[in-house]
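Shown below: target-v4.txt, with compact mmCIF, C-alpha atoms and all ligand atoms.
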# COMPACT_ATOMS: atom_id res chain seq x y z
CA MET A 1 -11.87 6.66 -5.70
CA SER A 2 -10.25 9.51 -7.49
CA LEU A 3 -10.24 10.02 -11.22
CA SER A 4 -7.12 11.13 -13.02
CA LEU A 5 -6.36 14.82 -12.74
CA PRO A 6 -7.44 16.96 -15.71
CA HIS A 7 -3.98 18.07 -16.75
CA GLU A 8 -2.90 14.45 -17.01
CA GLY A 9 -5.41 13.65 -19.73
CA GLU A 10 -3.07 14.46 -22.58
CA ARG A 11 -0.23 12.32 -21.39
CA ASP A 12 0.47 8.66 -22.01
CA LEU A 13 1.54 6.17 -19.37
CA ALA A 14 5.22 7.13 -19.47
CA GLY A 15 4.28 10.81 -19.36
CA ARG A 16 1.98 10.39 -16.39
CA LEU A 17 4.59 8.35 -14.54
CA ALA A 18 7.20 11.03 -15.21
CA LEU A 19 4.82 13.74 -14.00
CA VAL A 20 4.03 11.87 -10.78
CA ARG A 21 7.75 11.27 -10.17
CA GLU A 22 8.36 14.97 -10.65
CA ARG A 23 5.59 15.88 -8.19
CA ILE A 24 6.93 13.34 -5.66
CA SER A 25 10.34 14.87 -5.96
CA ASP A 26 8.91 18.40 -5.52
CA ALA A 27 6.95 17.32 -2.42
CA ALA A 28 10.01 15.62 -0.93
CA HIS A 29 12.11 18.69 -1.58
CA ALA A 30 9.50 20.95 0.00
CA ALA A 31 9.47 18.72 3.09
CA GLY A 32 13.26 18.67 3.32
CA ARG A 33 13.34 14.94 2.56
CA SER A 34 15.20 12.82 0.03
CA VAL A 35 13.34 10.83 -2.65
CA ASP A 36 15.61 7.92 -1.71
CA GLU A 37 13.46 7.48 1.42
CA LEU A 38 10.37 6.90 -0.72
CA THR A 39 9.09 3.71 -2.33
CA LEU A 40 6.60 4.21 -5.15
CA ILE A 41 4.04 1.42 -5.36
CA VAL A 42 1.90 1.64 -8.49
CA VAL A 43 -1.64 0.51 -7.69
CA THR A 44 -2.83 -1.55 -10.65
CA LYS A 45 -6.16 -2.95 -9.43
CA PHE A 46 -8.69 -3.57 -12.25
CA HIS A 47 -6.00 -3.15 -14.92
CA ASP A 48 -4.88 -6.13 -16.91
CA ALA A 49 -1.47 -7.73 -16.99
CA ALA A 50 -0.48 -5.93 -20.22
CA LEU A 51 -0.48 -2.57 -18.43
CA LEU A 52 1.71 -3.99 -15.68
CA ARG A 53 4.18 -5.19 -18.31
CA GLU A 54 4.33 -1.67 -19.73
CA LEU A 55 4.96 -0.31 -16.24
CA ALA A 56 7.67 -2.89 -15.66
CA ALA A 57 9.33 -1.76 -18.90
CA LEU A 58 9.30 1.77 -17.44
CA GLY A 59 11.19 0.54 -14.38
CA ILE A 60 8.36 -0.18 -11.93
CA ARG A 61 9.04 -3.15 -9.62
CA ASP A 62 6.38 -2.59 -6.95
CA PHE A 63 2.73 -3.25 -7.73
CA GLY A 64 -0.23 -2.75 -5.39
CA GLU A 65 -3.34 -4.91 -5.65
CA SER A 66 -6.41 -5.00 -3.46
CA ARG A 67 -8.34 -8.14 -4.37
CA HIS A 68 -6.98 -11.62 -3.91
CA GLN A 69 -8.35 -13.41 -6.97
CA GLU A 70 -7.26 -10.68 -9.34
CA ALA A 71 -3.86 -10.31 -7.69
CA ARG A 72 -3.16 -14.02 -7.83
CA GLU A 73 -3.99 -14.15 -11.56
CA LYS A 74 -1.57 -11.30 -12.25
CA ALA A 75 1.11 -12.85 -10.06
CA ASP A 76 0.84 -16.00 -12.22
CA ALA A 77 0.76 -14.06 -15.49
CA LEU A 78 3.81 -11.94 -14.58
CA ALA A 79 5.85 -14.58 -12.78
CA ASP A 80 8.69 -14.13 -15.30
CA LEU A 81 9.15 -10.49 -14.17
CA ASP A 82 9.28 -11.45 -10.49
CA PRO A 83 7.90 -8.10 -9.27
CA THR A 84 7.21 -7.21 -5.65
CA TRP A 85 3.50 -7.63 -4.88
CA HIS A 86 1.99 -5.39 -2.25
CA PHE A 87 -1.43 -6.45 -0.98
CA ILE A 88 -3.22 -3.24 0.03
CA GLY A 89 -6.91 -4.21 0.26
CA GLN A 90 -9.06 -5.37 3.12
CA LEU A 91 -8.17 -8.96 3.80
CA GLN A 92 -10.68 -11.68 4.68
CA SER A 93 -9.41 -14.26 7.14
CA LYS A 94 -10.16 -17.14 4.80
CA LYS A 95 -7.92 -15.56 2.12
CA ALA A 96 -4.99 -14.58 4.33
CA ARG A 97 -2.89 -17.68 3.80
CA GLN A 98 -3.52 -17.57 0.05
CA VAL A 99 -2.38 -13.96 -0.22
CA ALA A 100 0.79 -14.89 1.63
CA ALA A 101 1.60 -17.25 -1.25
CA TYR A 102 2.59 -14.38 -3.58
CA ALA A 103 2.57 -11.06 -1.67
CA SER A 104 5.90 -9.87 -0.33
CA VAL A 105 4.31 -7.02 1.59
CA ILE A 106 0.85 -6.94 3.18
CA HIS A 107 -0.28 -3.42 4.10
CA SER A 108 -3.67 -4.26 5.59
CA ILE A 109 -3.08 -6.19 8.81
CA ASP A 110 -5.76 -4.93 11.19
CA ARG A 111 -6.24 -7.82 13.60
CA ALA A 112 -4.09 -10.37 15.38
CA GLN A 113 -5.89 -13.28 13.74
CA LEU A 114 -4.72 -12.19 10.26
CA ALA A 115 -1.13 -12.01 11.44
CA ASP A 116 -1.42 -15.49 13.00
CA LEU A 117 -2.84 -16.94 9.78
CA ILE A 118 -0.06 -15.44 7.68
CA ASN A 119 2.50 -16.69 10.18
CA THR A 120 1.24 -20.25 9.63
CA SER A 121 0.90 -20.02 5.83
CA GLU A 122 2.73 -22.54 3.69
CA ARG A 123 5.17 -20.01 2.28
CA VAL A 124 6.12 -18.71 5.71
CA GLU A 125 6.51 -22.23 7.07
CA ALA A 126 8.90 -22.87 4.16
CA GLY A 127 11.09 -20.01 5.41
CA THR A 128 9.87 -16.76 3.80
CA VAL A 129 9.37 -13.76 6.05
CA ILE A 130 6.48 -11.51 4.94
CA ASP A 131 6.80 -7.77 5.39
CA CYS A 132 3.70 -6.10 6.76
CA PHE A 133 2.08 -2.92 7.96
CA VAL A 134 -0.51 -2.39 10.66
CA GLN A 135 -3.43 -0.64 8.95
CA VAL A 136 -4.82 2.18 11.06
CA ASN A 137 -8.36 3.45 10.55
CA LEU A 138 -8.12 7.24 10.21
CA THR A 139 -11.90 7.68 9.87
CA GLU A 140 -14.86 7.32 12.20
CA ASP A 141 -16.26 4.53 10.02
CA PRO A 142 -15.32 1.03 11.23
CA ALA A 143 -16.24 -0.42 7.81
CA ARG A 144 -13.23 1.30 6.25
CA GLY A 145 -10.84 -1.28 7.68
CA GLY A 146 -7.90 -0.73 9.96
CA VAL A 147 -7.36 -0.95 13.68
CA ALA A 148 -8.40 1.95 15.92
CA PRO A 149 -5.43 4.28 16.49
CA THR A 150 -5.39 3.41 20.20
CA ASP A 151 -5.09 -0.32 19.43
CA ALA A 152 -2.24 -0.08 16.92
CA GLN A 153 0.57 -0.44 19.42
CA ALA A 154 -0.80 -3.69 20.90
CA LEU A 155 -1.26 -5.19 17.43
CA ALA A 156 2.28 -4.15 16.50
CA ALA A 157 3.63 -5.85 19.61
CA HIS A 158 1.77 -9.03 18.68
CA ILE A 159 3.21 -9.00 15.15
CA GLU A 160 6.69 -8.47 16.56
CA SER A 161 6.29 -11.74 18.49
CA LEU A 162 5.71 -13.75 15.27
CA PRO A 163 8.82 -15.08 13.52
CA GLY A 164 7.25 -15.23 10.05
CA LEU A 165 6.32 -11.55 9.81
CA ARG A 166 8.48 -8.46 9.76
CA LEU A 167 6.64 -5.33 10.79
CA LEU A 168 7.65 -2.39 8.59
CA GLY A 169 5.34 0.21 10.11
CA VAL A 170 1.84 1.65 9.84
CA MET A 171 -0.52 2.18 6.90
CA GLY A 172 -3.46 4.53 6.50
CA VAL A 173 -5.98 5.87 4.01
CA ALA A 174 -7.16 9.46 4.48
CA PRO A 175 -10.94 9.96 4.73
CA ASN A 176 -12.68 10.94 1.49
CA ASP A 177 -14.11 14.14 2.88
CA GLY A 178 -11.63 15.42 5.44
CA GLU A 179 -8.32 17.18 5.21
CA PRO A 180 -5.65 14.60 4.37
CA GLN A 181 -3.00 16.57 6.24
CA ARG A 182 -4.79 16.05 9.56
CA ALA A 183 -5.28 12.35 8.95
CA PHE A 184 -1.61 11.89 8.07
CA GLU A 185 -0.57 13.88 11.13
CA GLN A 186 -2.55 11.42 13.21
CA LEU A 187 -0.92 8.49 11.38
CA ARG A 188 2.52 9.92 12.15
CA GLN A 189 1.54 10.08 15.83
CA VAL A 190 0.41 6.44 15.74
CA SER A 191 3.72 5.58 14.08
CA MET A 192 5.55 7.08 17.06
CA ASP A 193 3.41 5.01 19.47
CA VAL A 194 4.09 1.83 17.50
CA ARG A 195 7.82 2.47 17.54
CA GLN A 196 7.77 2.27 21.33
CA SER A 197 6.97 -1.45 20.97
CA ALA A 198 8.67 -1.98 17.63
CA PRO A 199 11.55 0.47 17.23
CA ARG A 200 12.50 -0.70 13.74
CA ALA A 201 8.98 -0.38 12.35
CA SER A 202 9.49 3.17 11.15
CA ALA A 203 7.86 3.00 7.70
CA ILE A 204 4.61 4.81 6.90
CA SER A 205 2.45 3.61 3.98
CA ALA A 206 0.31 6.61 3.02
CA GLY A 207 -0.52 8.81 0.08
CA MET A 208 -2.65 8.13 -3.01
CA SER A 209 -3.14 10.02 -6.27
CA ASN A 210 -4.87 12.98 -4.66
CA ASP A 211 -2.97 13.31 -1.41
CA PHE A 212 0.58 12.01 -1.79
CA ALA A 213 2.14 15.45 -1.34
CA GLU A 214 0.45 15.82 2.07
CA ALA A 215 1.52 12.28 2.98
CA ILE A 216 5.14 13.01 2.07
CA ALA A 217 5.01 16.16 4.22
CA GLU A 218 3.90 13.96 7.15
CA GLY A 219 6.63 11.38 6.76
CA ALA A 220 5.19 8.77 4.36
CA THR A 221 7.78 6.29 3.08
CA HIS A 222 5.59 4.02 0.91
CA LEU A 223 3.31 5.79 -1.58
CA ARG A 224 0.39 3.84 -3.07
CA ILE A 225 -0.46 5.66 -6.29
CA GLY A 226 -2.93 4.36 -8.86
CA SER A 227 -5.00 6.46 -11.22
CA ALA A 228 -2.62 9.44 -11.49
CA ILE A 229 -0.23 7.01 -13.19
CA THR A 230 -2.45 4.37 -14.78
CA GLY A 231 -5.23 6.70 -15.91
CA ASN A 232 -8.81 5.93 -15.02
CA ARG A 233 -9.46 2.44 -13.85
CA PRO A 234 -11.59 0.26 -16.10
CA LEU A 235 -14.94 -0.62 -14.56
CA GLN A 236 -14.72 -3.12 -11.76
CA ARG A 237 -14.44 -6.65 -13.11
C1 LIG B 301 -7.01 2.10 -4.89
C2 LIG B 301 -6.12 2.35 -3.73
C3 LIG B 301 -5.03 3.22 -3.82
C4 LIG B 301 -4.73 4.06 -5.06
O1 LIG B 301 -5.72 5.00 -5.27
P1 LIG B 301 -5.60 6.16 -6.39
O2 LIG B 301 -6.51 7.20 -5.93
O3 LIG B 301 -5.98 5.51 -7.68
O4 LIG B 301 -4.17 6.59 -6.39
C5 LIG B 301 -4.21 3.34 -2.72
N1 LIG B 301 -4.44 2.67 -1.57
C6 LIG B 301 -5.48 1.83 -1.43
C7 LIG B 301 -5.68 1.11 -0.14
C8 LIG B 301 -6.36 1.64 -2.50
O5 LIG B 301 -7.39 0.80 -2.36

Before we go any further, please render this structure as structure tokens.
Ligand SMILES: *Cc1c(COP(=O)(O)O)cnc(C)c1O
Amino acid sequence: MSLSLPHEGERDLAGRLALVRERISDAAHAAGRSVDELTLIVVTKFHDAALLRELAALGIRDFGESRHQEAREKADALADLDPTWHFIGQLQSKKARQVAAYASVIHSIDRAQLADLINTSERVEAGTVIDCFVQVNLTEDPARGGVAPTDAQALAAHIESLPGLRLLGVMGVAPNDGEPQRAFEQLRQVSMDVRQSAPRASAISAGMSNDFAEAIAEGATHLRIGSAITGNRPLQR
């Protein structure tokens, strides 16, 4: 994972958030896009609830978390703020229904079984529709999570058949080593394939602290930005 960029070291939370917003706006402008098309999700994994309260006071409504236990604790602690929880981490089957209890958006659907479990979760059976993304693996390493690009369309079609899920689009993480631009180009291509089965699923969840400008250039709509805003993450709990 990336560390915060050197020139951000002097700034406080509000300053870093303002700087990231400025860079998002510059990247959107350079790509001929409007910032209104972009949703900023602040990734707050490993940070405690107090930091999320500070972010909420700065106008942040969308939080990204990657581990169920930690996310559920924060969802309880911040229930009064009623933020939008985005689950962005790899999801174990046995946790899928539990994540559906608080997450409004799940970015990491990479197999039909997960979608089926969410579709039969208590919250969905009580009438909530959960927004989701098909996660696409943009690396050669199957351990990174995500469906193979060639299987994304079939998974999207399956999700479209489930009443309790609304497919927003595709999600991807660029490889650590490679050029993010190429990975995001590939994700945009997969997005076009998926839209043949699911025409409304036009969103693209892509872009982290070190590559959000490239993601915006390739059509990202949901940016998942952590350390550039929060500062370095505390050591894993
Ligand atoms: C941690 C994480 C992010 C944010 O990473 P930063 O480099 O801190 O911006 C985004 N997406 C996923 C899936 C993550 O796990």

Give me the box for ligand LIG 301 (chain B) as lines of an AutoDock Vina configuration file, namely the centre and edge lengths in Å to one decimal of a box along x, y and z that holds every listed atom plus 3 Å on each side.
center_x = -5.8
center_y = 4.0
center_z = -3.9
size_x = 9.2
size_y = 12.4
size_z = 13.5

> So what do you get for atom CA of A:Asp116 versus atom CA of A:Leu223, distance-wise?
Replying inline: 26.2 Å

>> Neighbours of ligand LIG 301 (chain B) at 10 Å or closer, counting only C-alpha atoms and all ligand atoms: which residues, as an MDAnalysis selection string?
In response: chainID A and resid 1:4 41:46 64:67 87:90 107:108 135 144:145 171:174 205:212 223:233

> Which residues come within 12 Å of A:Cys132, counting all atoms listed in the file, excluding same-chain residues fewer than 5 positions away, as a PyMOL selection string?
Replying inline: chain A and resi 85-88+100+103-110+114-115+118-119+155-156+159-160+162+164-171+201-205+222

> Which residue gives the smallest distance to A:Gln196 among A:Ala213, A:Leu38, A:Leu51, A:Ala157, with only C-alpha atoms counted?
Replying inline: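 Of A:Ala213, A:Leu38, A:Leu51, A:Ala157, the one nearest A:Gln196, counting only C-alpha atoms, is A:Ala157.
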
>> Set the distance at 8 Å and use only C-alpha atoms: which residues neighbour A:Gln98 once local chain neighbours fewer than 3 positions away are removed? I'd like the list as a PyMOL selection string.
In response: chain A and resi 68+95+101-102+121

> So which one's closest to A:His158, A:Ala183, A:Leu13, A:Val194, A:Ala126? Using only C-alpha atoms, please.
Replying inline: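 That would be A:Val194, the residue with the smallest distance to A:His158.
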
> What is the atom CA of A:Ala154-atom CA of A:Gln186 distance in Å, reported with one decimal?
Replying inline: 17.0 Å

> Any idea what the distance is between atom CA of A:Ala50 and atom CA of A:Lys74?
Replying inline: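 The value is 9.7 Å.
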
> Out of A:Gly32, A:Gly178, A:Pro163, A:Gly59, which residue has the shortest atom-to-atom distance to A:Leu17 when counting all atoms listed in the file?
Replying inline: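 Once distances to A:Leu17 are computed over all atoms listed in the file, the minimum belongs to A:Gly59.
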
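Across A:Val136, A:Ala220, A:Leu19, A:Asp12, the tightest approach to A:Val35 is made by A:Ala220 when counting all atoms listed in the file.
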
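With distances taken over all atoms listed in the file, A:Pro83 is the one residue among A:Pro83, A:Glu218, A:Ala77, A:Asp177 lying closest to A:Ala57.
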
Using only C-alpha atoms, find each residue in stretch 180-209 of chain A having at least one atom no more than 12 Å away from stretch 138-141 of chain A; report its shortest atom-to-atom pair and that distance in Å (one decimal), rows by chain then rising number, as CSV.
residue,atom,partner,partner_atom,distance
A:Pro180,CA,A:Leu138,CA,9.7
A:Gln181,CA,A:Leu138,CA,11.4
A:Arg182,CA,A:Leu138,CA,9.4
A:Ala183,CA,A:Leu138,CA,6.0
A:Phe184,CA,A:Leu138,CA,8.3
A:Glu185,CA,A:Leu138,CA,10.1
A:Gln186,CA,A:Leu138,CA,7.6
A:Leu187,CA,A:Leu138,CA,7.4
A:Arg188,CA,A:Leu138,CA,11.1
A:Gln189,CA,A:Leu138,CA,11.5
A:Val190,CA,A:Leu138,CA,10.2
A:Ala206,CA,A:Leu138,CA,11.1

Since fewer atoms than expected are present, regenerate all heavy atoms for stretch 204-215 of chain A and write them as a CSV table (one decimal), keeping the file's coordinate frame.
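Result saved to part-v7.csv:
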chain,number,residue,atom,x,y,z
A,204,ILE,N,6.0,4.3,6.9
A,204,ILE,CA,4.6,4.8,6.9
A,204,ILE,C,4.1,4.7,5.5
A,204,ILE,O,4.6,5.3,4.5
A,204,ILE,CB,4.5,6.3,7.4
A,204,ILE,CG1,5.0,6.4,8.8
A,204,ILE,CG2,3.1,6.8,7.2
A,204,ILE,CD1,5.0,7.9,9.4
A,205,SER,N,3.1,3.8,5.3
A,205,SER,CA,2.4,3.6,4.0
A,205,SER,C,1.2,4.5,3.9
A,205,SER,O,0.2,4.3,4.6
A,205,SER,CB,2.0,2.1,3.8
A,205,SER,OG,1.2,2.0,2.7
A,206,ALA,N,1.4,5.6,3.1
A,206,ALA,CA,0.3,6.6,3.0
A,206,ALA,C,0.5,7.4,1.8
A,206,ALA,O,1.6,7.6,1.3
A,206,ALA,CB,0.3,7.5,4.2
A,207,GLY,N,-0.6,7.9,1.2
A,207,GLY,CA,-0.5,8.8,0.1
A,207,GLY,C,-1.0,8.1,-1.2
A,207,GLY,O,-0.5,7.0,-1.5
A,208,MET,N,-2.1,8.6,-1.8
A,208,MET,CA,-2.6,8.1,-3.0
A,208,MET,C,-2.6,9.2,-4.0
A,208,MET,O,-2.0,10.3,-3.8
A,208,MET,CB,-4.1,7.6,-2.7
A,208,MET,CG,-4.1,6.7,-1.5
A,208,MET,SD,-5.7,6.0,-0.9
A,208,MET,CE,-6.9,6.3,-2.2
A,209,SER,N,-3.3,9.0,-5.2
A,209,SER,CA,-3.1,10.0,-6.3
A,209,SER,C,-3.4,11.5,-5.8
A,209,SER,O,-2.7,12.4,-6.3
A,209,SER,CB,-4.1,9.6,-7.4
A,209,SER,OG,-3.7,8.5,-8.0
A,210,ASN,N,-4.4,11.6,-5.0
A,210,ASN,CA,-4.9,13.0,-4.7
A,210,ASN,C,-4.2,13.6,-3.4
A,210,ASN,O,-4.5,14.7,-3.1
A,210,ASN,CB,-6.4,13.0,-4.5
A,210,ASN,CG,-7.1,13.0,-5.9
A,210,ASN,OD1,-6.5,13.3,-6.9
A,210,ASN,ND2,-8.3,12.5,-5.9
A,211,ASP,N,-3.5,12.8,-2.7
A,211,ASP,CA,-3.0,13.3,-1.4
A,211,ASP,C,-1.5,12.9,-1.1
A,211,ASP,O,-1.1,13.0,0.0
A,211,ASP,CB,-3.9,12.9,-0.3
A,211,ASP,CG,-4.1,11.4,-0.1
A,211,ASP,OD1,-3.2,10.6,-0.6
A,211,ASP,OD2,-5.1,11.0,0.5
A,212,PHE,N,-0.8,12.5,-2.1
A,212,PHE,CA,0.6,12.0,-1.8
A,212,PHE,C,1.5,13.1,-1.3
A,212,PHE,O,2.4,12.9,-0.5
A,212,PHE,CB,1.2,11.1,-2.9
A,212,PHE,CG,1.4,11.8,-4.2
A,212,PHE,CD1,2.6,12.6,-4.4
A,212,PHE,CD2,0.6,11.7,-5.3
A,212,PHE,CE1,2.8,13.2,-5.6
A,212,PHE,CE2,0.8,12.3,-6.5
A,212,PHE,CZ,1.9,13.1,-6.7
A,213,ALA,N,1.3,14.4,-1.8
A,213,ALA,CA,2.1,15.4,-1.3
A,213,ALA,C,2.0,15.7,0.2
A,213,ALA,O,3.0,15.8,0.9
A,213,ALA,CB,1.8,16.7,-2.1
A,214,GLU,N,0.7,15.7,0.6
A,214,GLU,CA,0.4,15.8,2.1
A,214,GLU,C,1.1,14.7,2.9
A,214,GLU,O,1.6,14.9,4.0
A,214,GLU,CB,-1.1,15.9,2.3
A,214,GLU,CG,-1.8,17.2,1.9
A,214,GLU,CD,-2.2,17.1,0.4
A,214,GLU,OE1,-1.8,16.2,-0.3
A,214,GLU,OE2,-3.0,18.0,0.0
A,215,ALA,N,1.0,13.5,2.3
A,215,ALA,CA,1.5,12.3,3.0
A,215,ALA,C,3.0,12.4,3.1
A,215,ALA,O,3.6,12.1,4.2
A,215,ALA,CB,1.1,11.0,2.2
